[in-house]
Amino acid sequence: MASLHENLSETHIVGARTQQLILRAEDCNALAARQISHIGVGDAAVPYRIVRTHLSGTYVHASLGGEGRILLDGRWRPHRAGMVSLAPAHVLHAFHAIPSKRWQYCWVRYMPQSPRSSIGFMAPVMAQFDSEALKHAILGLYQEIQVRGDAGSAMLWIDLIEHYIGQIAEPLQKEHRLRALWETVRKDLARDWDVESLAKLAHVSGEHLRRLCHASLGRSPMQQLTYLRIQHAAHQLATTQAKIEEIALRVGYQNPFAFSNTFKRMTGFRPSLFRSRHRGTEG
């Protein structure tokens, strides 16, 4: 499972050895009001495996103990206690338990219309974060809805959950040079950016920019540039009728073949198939 991902298909396997507490928006009006699709806490073992070939809303996944594997930015990564990941909308998203190990985690999934699922929302792809408090907030909300049914208190738990999600994105929000840099780059993705030009725009050295990006985003500057380009291209493919070659040029790819290969690595599909599947999902 962890060696190949190009031929992954939509999968949802839980298995008898995995326990999960899940609260969904249809069972909690307060979640729906905050545009949160569902939240949960889990303790997983093989054969637990989830593959989403078209993630519609941002997904925050926090590890509490043990170890699993998660696919982000086209790469499989270990996911251990103290690690949190954020998968944006429109990407190939997958994770699974591994043999002989259990994996404890919690999650928050946002609806497509949530501001946290918008193309302008940026947060670390992978970061260090103690998620015990987030877990307890999720369990508190679950208990509030399932046992007490107090809608007013439920909103307080959701405020707390949102507070912790905000803290996950906080390194980028605090680092004003990075926020200003990537906001500028997003407006000019077609430009032939390199590390030196990015560093100059941020008023730091190239090496310092690398350190800042790894600390705040879990990516190198050029990986973040690729992420922004593919994120914008996916949004264009899903929401416009523009030709694929035109979209490739808009996001800085002169070579359509190179664009197609990069897009497939990060989303799981060639651009044309991604568009057709999205339209089919809408239908």
# chains A, B, ... in the order shown; residues from 1 in each chain; ligands from 1

$ select_by_dssp --residues "range 19-170 of chain A" --states "strand (DSSP E)" --output "ChimeraX atom specification"
/A:19-24,36-44,49-52,59-72,75-80,83-87,93-97,103-110,126-128

$ write_last_selection --atoms "C-alpha atoms" --output "PDB file, in the first residue's frame"
ATOM      1  CA  GLN A  19     -12.763   1.636  17.113  1.00  0.00           C
ATOM      2  CA  GLN A  20     -13.962   5.121  16.231  1.00  0.00           C
ATOM      3  CA  LEU A  21     -16.242   7.725  17.788  1.00  0.00           C
ATOM      4  CA  ILE A  22     -17.658   9.943  15.037  1.00  0.00           C
ATOM      5  CA  LEU A  23     -19.957  12.949  15.205  1.00  0.00           C
ATOM      6  CA  ARG A  24     -21.404  14.226  11.924  1.00  0.00           C
ATOM      7  CA  ILE A  36     -17.640  21.176   9.796  1.00  0.00           C
ATOM      8  CA  SER A  37     -18.594  17.904   8.108  1.00  0.00           C
ATOM      9  CA  HIS A  38     -17.516  15.533  10.869  1.00  0.00           C
ATOM     10  CA  ILE A  39     -15.102  15.053  13.749  1.00  0.00           C
ATOM     11  CA  GLY A  40     -13.872  11.969  15.522  1.00  0.00           C
ATOM     12  CA  VAL A  41     -11.383  10.032  17.619  1.00  0.00           C
ATOM     13  CA  GLY A  42     -10.043   6.626  16.603  1.00  0.00           C
ATOM     14  CA  ASP A  43      -7.826   3.708  17.581  1.00  0.00           C
ATOM     15  CA  ALA A  44      -6.962   1.758  14.433  1.00  0.00           C
ATOM     16  CA  ARG A  49      -7.414   1.990   5.196  1.00  0.00           C
ATOM     17  CA  ILE A  50      -8.994   5.150   3.761  1.00  0.00           C
ATOM     18  CA  VAL A  51      -8.462   6.532   0.250  1.00  0.00           C
ATOM     19  CA  ARG A  52     -10.228   9.660  -0.967  1.00  0.00           C
ATOM     20  CA  TYR A  59      -9.055  17.480   6.509  1.00  0.00           C
ATOM     21  CA  VAL A  60      -7.023  17.876   9.693  1.00  0.00           C
ATOM     22  CA  HIS A  61      -5.546  14.616  11.021  1.00  0.00           C
ATOM     23  CA  ALA A  62      -3.719  14.543  14.364  1.00  0.00           C
ATOM     24  CA  SER A  63      -1.826  11.528  15.751  1.00  0.00           C
ATOM     25  CA  LEU A  64      -2.108  10.796  19.462  1.00  0.00           C
ATOM     26  CA  GLY A  65      -0.096   7.574  19.730  1.00  0.00           C
ATOM     27  CA  GLY A  66       1.238   4.602  17.810  1.00  0.00           C
ATOM     28  CA  GLU A  67       1.961   5.018  14.118  1.00  0.00           C
ATOM     29  CA  GLY A  68       0.213   5.042  10.755  1.00  0.00           C
ATOM     30  CA  ARG A  69       0.990   6.162   7.221  1.00  0.00           C
ATOM     31  CA  ILE A  70      -0.501   9.151   5.417  1.00  0.00           C
ATOM     32  CA  LEU A  71      -0.255  10.323   1.801  1.00  0.00           C
ATOM     33  CA  LEU A  72       0.357  14.045   1.360  1.00  0.00           C
ATOM     34  CA  ARG A  75       4.386  11.168  -0.830  1.00  0.00           C
ATOM     35  CA  TRP A  76       3.749   8.567   1.867  1.00  0.00           C
ATOM     36  CA  ARG A  77       4.869   9.711   5.293  1.00  0.00           C
ATOM     37  CA  PRO A  78       4.891   8.183   8.772  1.00  0.00           C
ATOM     38  CA  HIS A  79       2.344   9.731  11.126  1.00  0.00           C
ATOM     39  CA  ARG A  80       3.277   9.399  14.808  1.00  0.00           C
ATOM     40  CA  MET A  83       2.251  15.040  14.438  1.00  0.00           C
ATOM     41  CA  VAL A  84      -0.611  16.815  12.709  1.00  0.00           C
ATOM     42  CA  SER A  85      -1.288  17.036   8.974  1.00  0.00           C
ATOM     43  CA  LEU A  86      -3.587  19.136   6.860  1.00  0.00           C
ATOM     44  CA  ALA A  87      -4.887  17.946   3.515  1.00  0.00           C
ATOM     45  CA  HIS A  93      -5.772  11.864   0.356  1.00  0.00           C
ATOM     46  CA  ALA A  94      -5.061   8.462   1.888  1.00  0.00           C
ATOM     47  CA  PHE A  95      -3.961   6.916   5.165  1.00  0.00           C
ATOM     48  CA  HIS A  96      -3.735   3.446   6.675  1.00  0.00           C
ATOM     49  CA  ALA A  97      -2.682   1.449   9.703  1.00  0.00           C
ATOM     50  CA  TRP A 103      -2.626   4.014  15.708  1.00  0.00           C
ATOM     51  CA  GLN A 104      -4.505   6.536  17.845  1.00  0.00           C
ATOM     52  CA  TYR A 105      -5.677   9.770  16.222  1.00  0.00           C
ATOM     53  CA  CYS A 106      -8.360  12.421  16.031  1.00  0.00           C
ATOM     54  CA  TRP A 107      -9.625  14.442  13.093  1.00  0.00           C
ATOM     55  CA  VAL A 108     -11.697  17.382  11.895  1.00  0.00           C
ATOM     56  CA  ARG A 109     -13.098  17.494   8.361  1.00  0.00           C
ATOM     57  CA  TYR A 110     -14.504  20.720   6.944  1.00  0.00           C
ATOM     58  CA  MET A 126       2.794  18.480   8.417  1.00  0.00           C
ATOM     59  CA  ALA A 127       3.710  19.942  11.786  1.00  0.00           C
ATOM     60  CA  GLN A 128       4.446  19.080  15.386  1.00  0.00           C
TER      61      GLN A 128
END

$ residues_around --residues "range 238-248 of chain A" --least-positions-apart "5" --cutoff "9 Å" --atoms "only C-alpha atoms" --output "PyMOL selection string"
chain A and resi 90+190+229+232-233+253-256+259-260+271-272+274-276+278-279

$ atom_distance --atom1 "CA of Trp193 in chain A" --atom2 "CA of Val91 in chain A"
23.1 Å

$ residues_around --residues "Val185 in chain A" --least-positions-apart "2" --cutoff "12 Å" --atoms "only C-alpha atoms" --output "number ranges by chain"
A: 120, 178-183, 187-194, 197-199, 201-202, 221-222, 224-229, 232, 251-252

$ write_last_selection --atoms "N, CA and C atoms" --output "PDB file, in the first residue's frame"
ATOM      1  N   GLY A 120      -7.668  30.074  -0.654  1.00  0.00           N
ATOM      2  CA  GLY A 120      -6.795  31.036  -0.007  1.00  0.00           C
ATOM      3  C   GLY A 120      -6.306  30.614   1.365  1.00  0.00           C
ATOM      4  N   LEU A 178       6.514  35.196   5.626  1.00  0.00           N
ATOM      5  CA  LEU A 178       6.032  34.090   4.802  1.00  0.00           C
ATOM      6  C   LEU A 178       4.624  34.362   4.287  1.00  0.00           C
ATOM      7  N   ARG A 179       3.759  34.868   5.151  1.00  0.00           N
ATOM      8  CA  ARG A 179       2.383  35.113   4.723  1.00  0.00           C
ATOM      9  C   ARG A 179       2.347  36.120   3.573  1.00  0.00           C
ATOM     10  N   ALA A 180       3.110  37.208   3.701  1.00  0.00           N
ATOM     11  CA  ALA A 180       3.148  38.207   2.636  1.00  0.00           C
ATOM     12  C   ALA A 180       3.771  37.633   1.368  1.00  0.00           C
ATOM     13  N   LEU A 181       4.808  36.817   1.541  1.00  0.00           N
ATOM     14  CA  LEU A 181       5.471  36.210   0.383  1.00  0.00           C
ATOM     15  C   LEU A 181       4.508  35.355  -0.420  1.00  0.00           C
ATOM     16  N   TRP A 182       3.830  34.424   0.256  1.00  0.00           N
ATOM     17  CA  TRP A 182       2.992  33.484  -0.482  1.00  0.00           C
ATOM     18  C   TRP A 182       1.714  34.125  -1.003  1.00  0.00           C
ATOM     19  N   GLU A 183       1.256  35.173  -0.352  1.00  0.00           N
ATOM     20  CA  GLU A 183       0.120  35.911  -0.904  1.00  0.00           C
ATOM     21  C   GLU A 183       0.505  36.584  -2.210  1.00  0.00           C
ATOM     22  N   LYS A 187      -0.649  35.417  -6.454  1.00  0.00           N
ATOM     23  CA  LYS A 187      -1.205  36.328  -7.457  1.00  0.00           C
ATOM     24  C   LYS A 187      -0.417  36.305  -8.769  1.00  0.00           C
ATOM     25  N   ASP A 188       0.745  35.631  -8.771  1.00  0.00           N
ATOM     26  CA  ASP A 188       1.588  35.611  -9.970  1.00  0.00           C
ATOM     27  C   ASP A 188       2.242  34.247 -10.116  1.00  0.00           C
ATOM     28  N   LEU A 189       1.423  33.198 -10.180  1.00  0.00           N
ATOM     29  CA  LEU A 189       1.941  31.830 -10.241  1.00  0.00           C
ATOM     30  C   LEU A 189       2.641  31.522 -11.557  1.00  0.00           C
ATOM     31  N   ALA A 190       2.347  32.287 -12.600  1.00  0.00           N
ATOM     32  CA  ALA A 190       2.956  32.033 -13.908  1.00  0.00           C
ATOM     33  C   ALA A 190       4.421  32.466 -13.962  1.00  0.00           C
ATOM     34  N   ARG A 191       4.841  33.262 -13.031  1.00  0.00           N
ATOM     35  CA  ARG A 191       6.218  33.760 -13.029  1.00  0.00           C
ATOM     36  C   ARG A 191       7.207  32.623 -12.801  1.00  0.00           C
ATOM     37  N   ASP A 192       8.403  32.753 -13.366  1.00  0.00           N
ATOM     38  CA  ASP A 192       9.444  31.731 -13.229  1.00  0.00           C
ATOM     39  C   ASP A 192      10.179  31.942 -11.905  1.00  0.00           C
ATOM     40  N   TRP A 193       9.542  31.523 -10.806  1.00  0.00           N
ATOM     41  CA  TRP A 193      10.118  31.727  -9.488  1.00  0.00           C
ATOM     42  C   TRP A 193      11.250  30.736  -9.214  1.00  0.00           C
ATOM     43  N   ASP A 194      12.253  31.165  -8.466  1.00  0.00           N
ATOM     44  CA  ASP A 194      13.266  30.270  -7.922  1.00  0.00           C
ATOM     45  C   ASP A 194      13.505  30.681  -6.468  1.00  0.00           C
ATOM     46  N   SER A 197      14.743  34.349  -5.955  1.00  0.00           N
ATOM     47  CA  SER A 197      13.744  35.408  -6.148  1.00  0.00           C
ATOM     48  C   SER A 197      12.715  35.411  -5.024  1.00  0.00           C
ATOM     49  N   LEU A 198      12.373  34.217  -4.534  1.00  0.00           N
ATOM     50  CA  LEU A 198      11.448  34.127  -3.406  1.00  0.00           C
ATOM     51  C   LEU A 198      12.073  34.730  -2.147  1.00  0.00           C
ATOM     52  N   ALA A 199      13.354  34.413  -1.913  1.00  0.00           N
ATOM     53  CA  ALA A 199      14.041  34.929  -0.734  1.00  0.00           C
ATOM     54  C   ALA A 199      14.179  36.446  -0.791  1.00  0.00           C
ATOM     55  N   LEU A 201      12.163  38.494  -2.240  1.00  0.00           N
ATOM     56  CA  LEU A 201      10.842  39.059  -1.980  1.00  0.00           C
ATOM     57  C   LEU A 201      10.525  39.036  -0.482  1.00  0.00           C
ATOM     58  N   ALA A 202      11.021  38.009   0.216  1.00  0.00           N
ATOM     59  CA  ALA A 202      10.777  37.889   1.653  1.00  0.00           C
ATOM     60  C   ALA A 202      11.816  38.641   2.483  1.00  0.00           C
ATOM     61  N   PRO A 221      10.677  25.816   0.116  1.00  0.00           N
ATOM     62  CA  PRO A 221      10.035  26.891  -0.658  1.00  0.00           C
ATOM     63  C   PRO A 221       9.525  26.421  -2.019  1.00  0.00           C
ATOM     64  N   MET A 222      10.299  25.607  -2.724  1.00  0.00           N
ATOM     65  CA  MET A 222       9.876  25.168  -4.052  1.00  0.00           C
ATOM     66  C   MET A 222       8.743  24.145  -3.969  1.00  0.00           C
ATOM     67  N   GLN A 224       6.443  24.307  -1.663  1.00  0.00           N
ATOM     68  CA  GLN A 224       5.286  25.142  -1.393  1.00  0.00           C
ATOM     69  C   GLN A 224       4.801  25.816  -2.675  1.00  0.00           C
ATOM     70  N   LEU A 225       5.720  26.238  -3.514  1.00  0.00           N
ATOM     71  CA  LEU A 225       5.347  26.835  -4.802  1.00  0.00           C
ATOM     72  C   LEU A 225       4.578  25.824  -5.648  1.00  0.00           C
ATOM     73  N   THR A 226       5.082  24.590  -5.712  1.00  0.00           N
ATOM     74  CA  THR A 226       4.392  23.549  -6.471  1.00  0.00           C
ATOM     75  C   THR A 226       3.002  23.285  -5.891  1.00  0.00           C
ATOM     76  N   TYR A 227       2.921  23.241  -4.565  1.00  0.00           N
ATOM     77  CA  TYR A 227       1.628  23.033  -3.911  1.00  0.00           C
ATOM     78  C   TYR A 227       0.634  24.125  -4.313  1.00  0.00           C
ATOM     79  N   LEU A 228       1.044  25.383  -4.270  1.00  0.00           N
ATOM     80  CA  LEU A 228       0.151  26.487  -4.633  1.00  0.00           C
ATOM     81  C   LEU A 228      -0.279  26.398  -6.090  1.00  0.00           C
ATOM     82  N   ARG A 229       0.650  26.035  -6.954  1.00  0.00           N
ATOM     83  CA  ARG A 229       0.329  25.926  -8.383  1.00  0.00           C
ATOM     84  C   ARG A 229      -0.689  24.817  -8.640  1.00  0.00           C
ATOM     85  N   HIS A 232      -4.145  25.682  -7.191  1.00  0.00           N
ATOM     86  CA  HIS A 232      -4.873  26.634  -8.039  1.00  0.00           C
ATOM     87  C   HIS A 232      -5.349  25.962  -9.328  1.00  0.00           C
ATOM     88  N   VAL A 251      -0.427  28.724 -14.251  1.00  0.00           N
ATOM     89  CA  VAL A 251       0.226  28.365 -12.991  1.00  0.00           C
ATOM     90  C   VAL A 251       1.722  28.089 -13.169  1.00  0.00           C
ATOM     91  N   GLY A 252       2.279  28.500 -14.302  1.00  0.00           N
ATOM     92  CA  GLY A 252       3.727  28.481 -14.444  1.00  0.00           C
ATOM     93  C   GLY A 252       4.337  27.289 -15.128  1.00  0.00           C
TER      94      GLY A 252
END

$ atom_distance --atom1 "CA of Pro88 in chain A" --atom2 "CA of Gln231 in chain A"
8.2 Å

$ atom_distance --atom1 "CA of Ile165 in chain A" --atom2 "CA of Val125 in chain A"
13.0 Å

$ select_by_dssp --residues "range 42-274 of chain A" --states "helix (DSSP H, G or I)" --output "number ranges by chain"
A: 115-117, 132-148, 151-174, 176-186, 195-202, 206-217, 221-239, 244-250, 256-267, 271-274

$ residues_around --residues "Trp157 in chain A" --least-positions-apart "2" --cutoff "12 Å" --atoms "only C-alpha atoms" --output "list in words"
Ala30, Leu31, Arg34, Ile39, Ala133, Leu134, Lys135, His136, Ala137, Ile138, Leu139, Gly140, Leu141, Tyr142, Gln143, Glu144, Ile145, Asp150, Ala151, Gly152, Ser153, Ala154, Met155, Asp159, Leu160, Ile161, Glu162, His163 and Tyr164 of chain A

$ write_last_selection --atoms "N, CA and C atoms" --output "mmCIF file, in the first residue's frame"
data_model
loop_
_atom_site.group_PDB
_atom_site.id
_atom_site.type_symbol
_atom_site.label_atom_id
_atom_site.label_comp_id
_atom_site.auth_asym_id
_atom_site.auth_seq_id
_atom_site.Cartn_x
_atom_site.Cartn_y
_atom_site.Cartn_z
ATOM 1 N N ALA A 30 -24.833 22.352 15.461
ATOM 2 C CA ALA A 30 -23.742 23.272 15.744
ATOM 3 C C ALA A 30 -22.557 23.027 14.810
ATOM 4 N N LEU A 31 -22.265 21.764 14.495
ATOM 5 C CA LEU A 31 -21.212 21.457 13.522
ATOM 6 C C LEU A 31 -21.584 21.998 12.151
ATOM 7 N N ARG A 34 -21.025 25.649 11.730
ATOM 8 C CA ARG A 34 -19.615 26.019 11.577
ATOM 9 C C ARG A 34 -18.998 25.411 10.325
ATOM 10 N N ILE A 39 -16.265 15.109 12.873
ATOM 11 C CA ILE A 39 -15.102 15.053 13.749
ATOM 12 C C ILE A 39 -15.064 13.663 14.357
ATOM 13 N N ALA A 133 -5.318 18.019 23.776
ATOM 14 C CA ALA A 133 -6.394 18.957 24.097
ATOM 15 C C ALA A 133 -7.460 18.952 23.008
ATOM 16 N N LEU A 134 -7.028 18.844 21.738
ATOM 17 C CA LEU A 134 -7.989 18.760 20.639
ATOM 18 C C LEU A 134 -8.835 17.499 20.781
ATOM 19 N N LYS A 135 -8.199 16.389 21.134
ATOM 20 C CA LYS A 135 -8.944 15.137 21.333
ATOM 21 C C LYS A 135 -10.012 15.303 22.411
ATOM 22 N N HIS A 136 -9.644 15.916 23.531
ATOM 23 C CA HIS A 136 -10.596 16.069 24.635
ATOM 24 C C HIS A 136 -11.734 17.014 24.265
ATOM 25 N N ALA A 137 -11.442 18.018 23.439
ATOM 26 C CA ALA A 137 -12.507 18.914 22.985
ATOM 27 C C ALA A 137 -13.485 18.160 22.085
ATOM 28 N N ILE A 138 -12.967 17.302 21.216
ATOM 29 C CA ILE A 138 -13.824 16.487 20.340
ATOM 30 C C ILE A 138 -14.678 15.532 21.180
ATOM 31 N N LEU A 139 -14.047 14.882 22.153
ATOM 32 C CA LEU A 139 -14.800 13.968 23.016
ATOM 33 C C LEU A 139 -15.823 14.721 23.866
ATOM 34 N N GLY A 140 -15.475 15.931 24.283
ATOM 35 C CA GLY A 140 -16.422 16.738 25.040
ATOM 36 C C GLY A 140 -17.658 17.072 24.223
ATOM 37 N N LEU A 141 -17.452 17.426 22.965
ATOM 38 C CA LEU A 141 -18.593 17.726 22.088
ATOM 39 C C LEU A 141 -19.415 16.466 21.841
ATOM 40 N N TYR A 142 -18.739 15.353 21.617
ATOM 41 C CA TYR A 142 -19.441 14.087 21.398
ATOM 42 C C TYR A 142 -20.331 13.755 22.597
ATOM 43 N N GLN A 143 -19.776 13.899 23.793
ATOM 44 C CA GLN A 143 -20.540 13.623 25.011
ATOM 45 C C GLN A 143 -21.701 14.601 25.161
ATOM 46 N N GLU A 144 -21.466 15.839 24.825
ATOM 47 C CA GLU A 144 -22.513 16.862 24.947
ATOM 48 C C GLU A 144 -23.710 16.540 24.068
ATOM 49 N N ILE A 145 -23.438 16.104 22.839
ATOM 50 C CA ILE A 145 -24.518 15.829 21.887
ATOM 51 C C ILE A 145 -25.181 14.487 22.169
ATOM 52 N N ASP A 150 -27.214 19.360 24.859
ATOM 53 C CA ASP A 150 -27.239 20.796 25.145
ATOM 54 C C ASP A 150 -26.591 21.552 23.991
ATOM 55 N N ALA A 151 -27.402 22.167 23.119
ATOM 56 C CA ALA A 151 -26.892 22.848 21.932
ATOM 57 C C ALA A 151 -26.026 24.051 22.301
ATOM 58 N N GLY A 152 -26.399 24.766 23.369
ATOM 59 C CA GLY A 152 -25.612 25.924 23.771
ATOM 60 C C GLY A 152 -24.215 25.545 24.199
ATOM 61 N N SER A 153 -24.101 24.498 25.002
ATOM 62 C CA SER A 153 -22.780 24.027 25.431
ATOM 63 C C SER A 153 -21.994 23.453 24.254
ATOM 64 N N ALA A 154 -22.698 22.889 23.286
ATOM 65 C CA ALA A 154 -22.030 22.329 22.105
ATOM 66 C C ALA A 154 -21.231 23.401 21.375
ATOM 67 N N MET A 155 -21.785 24.604 21.272
ATOM 68 C CA MET A 155 -21.069 25.673 20.584
ATOM 69 C C MET A 155 -19.773 26.028 21.310
ATOM 70 N N ASP A 159 -16.135 26.006 19.641
ATOM 71 C CA ASP A 159 -15.214 27.147 19.731
ATOM 72 C C ASP A 159 -13.825 26.666 20.144
ATOM 73 N N LEU A 160 -13.786 25.719 21.079
ATOM 74 C CA LEU A 160 -12.508 25.203 21.545
ATOM 75 C C LEU A 160 -11.812 24.394 20.451
ATOM 76 N N ILE A 161 -12.571 23.569 19.733
ATOM 77 C CA ILE A 161 -11.995 22.811 18.615
ATOM 78 C C ILE A 161 -11.413 23.758 17.578
ATOM 79 N N GLU A 162 -12.165 24.781 17.222
ATOM 80 C CA GLU A 162 -11.700 25.756 16.232
ATOM 81 C C GLU A 162 -10.467 26.500 16.739
ATOM 82 N N HIS A 163 -10.420 26.734 18.037
ATOM 83 C CA HIS A 163 -9.243 27.392 18.622
ATOM 84 C C HIS A 163 -7.992 26.551 18.391
ATOM 85 N N TYR A 164 -8.095 25.247 18.622
ATOM 86 C CA TYR A 164 -6.929 24.382 18.436
ATOM 87 C C TYR A 164 -6.559 24.249 16.960
#
